[in-house]
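A.B. asks: Quick one: structure below, then a few questions.
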Amino acid sequence: APGAGRRPSERRRGVPHRRRPAHDVRCPVHVTLRATPGLPSLRAERVFPALRGALARSSGAAFRVLQFSVQRDHVHLLVESDGSLSRGVQGLAIRLAKAVNRTLARHGRVWSDRYHSRRLATPREVRNALVYVLHNVRKHVPHFRGVDSRSSAAWFSGWKKTRETARAPSPVARARTWLAAIGWRRHGLIGEDERPQRSRGRRS
């Protein structure tokens, strides 16, 4: 459901403020941005299109958004960066925040914490992350069926069952790393009925 998701918890632990390890440009990264409490659902009819538009404008030569899903109070992303990961994610977070604030005619913070990132260094880690991102709604709505319209699933070409991709321009970029473009497929294409497990890449 478009507005589905857990209510934010004031007791949720933040991302530790420690030095992040150096980024390996060969590895895609699973990034999570969490919204500040009190905002409307990011899946809402008037908010999600603004986020999708901002995501579509966020990929360039050095930083690329490969897949995403928008949940009620957080966004999951699979990204690649040929340079500074932190600079790329921070620029993306600012762009998304401006889109949300402009849509809601508000000012102030949109993201409640530092972004969380997890480096994906093996084909299996990338495949697990793809399932986790594209099917994340099933963590919050256990009986959800099909693919999530609040994600990039409609443009994903790695489904086990052949399906027509969306005709609208893709909001995500083509993968350039071997792991995200080819390697993960060694473990099989993704089924529409799979359920997400915890992404097990290297936390950064």
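Every chain in the structure tokens has a letter given in the order shown (A, B, ...), and although residue numbers restart at 1 in each chain, ligands are simply numbered from 1 in the order shown.
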What residues in region 45-130 of chain A get the DSSP label alpha helix (DSSP H)? Please answer as an NGL selection string.
C.D. replies: :A and (48-56 or 85-104 or 123-130)
A.B. asks: For Leu120 (chain A), find every residue with an atom within 12 Å (counting only C-alpha atoms), except residues of its own chain fewer than 4 positions away, and show them as a PyMOL selection string.
C.D. replies: chain A and resi 23-31+78-80+124-130+177-180+183-184+199-204
A.B. asks: Run DSSP on the backbone and grab whatever in region 81-202 of chain A lands in strand (DSSP E); send it over as a list in words.
C.D. replies: Ser81, His116, Ser117, Arg118, Arg119 and Arg202 of chain A
A.B. asks: Do a neighbour search on Ser112 (chain A) at 10 Å with only C-alpha atoms, toss out local chain neighbours closer than 5 positions, and write the hits as a list in words.
C.D. replies: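 Near neighbours after the sequence-gap exclusion: Gly14, Leu33, Arg34, Ala35, Thr36, Pro37, Asp73 and His74 of chain A.
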A.B. asks: Mind pulling up the distance from CA of Ala175 (chain A) to CA of Leu51 (chain A)?
C.D. replies: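 These atoms are spaced 20.6 Å apart.
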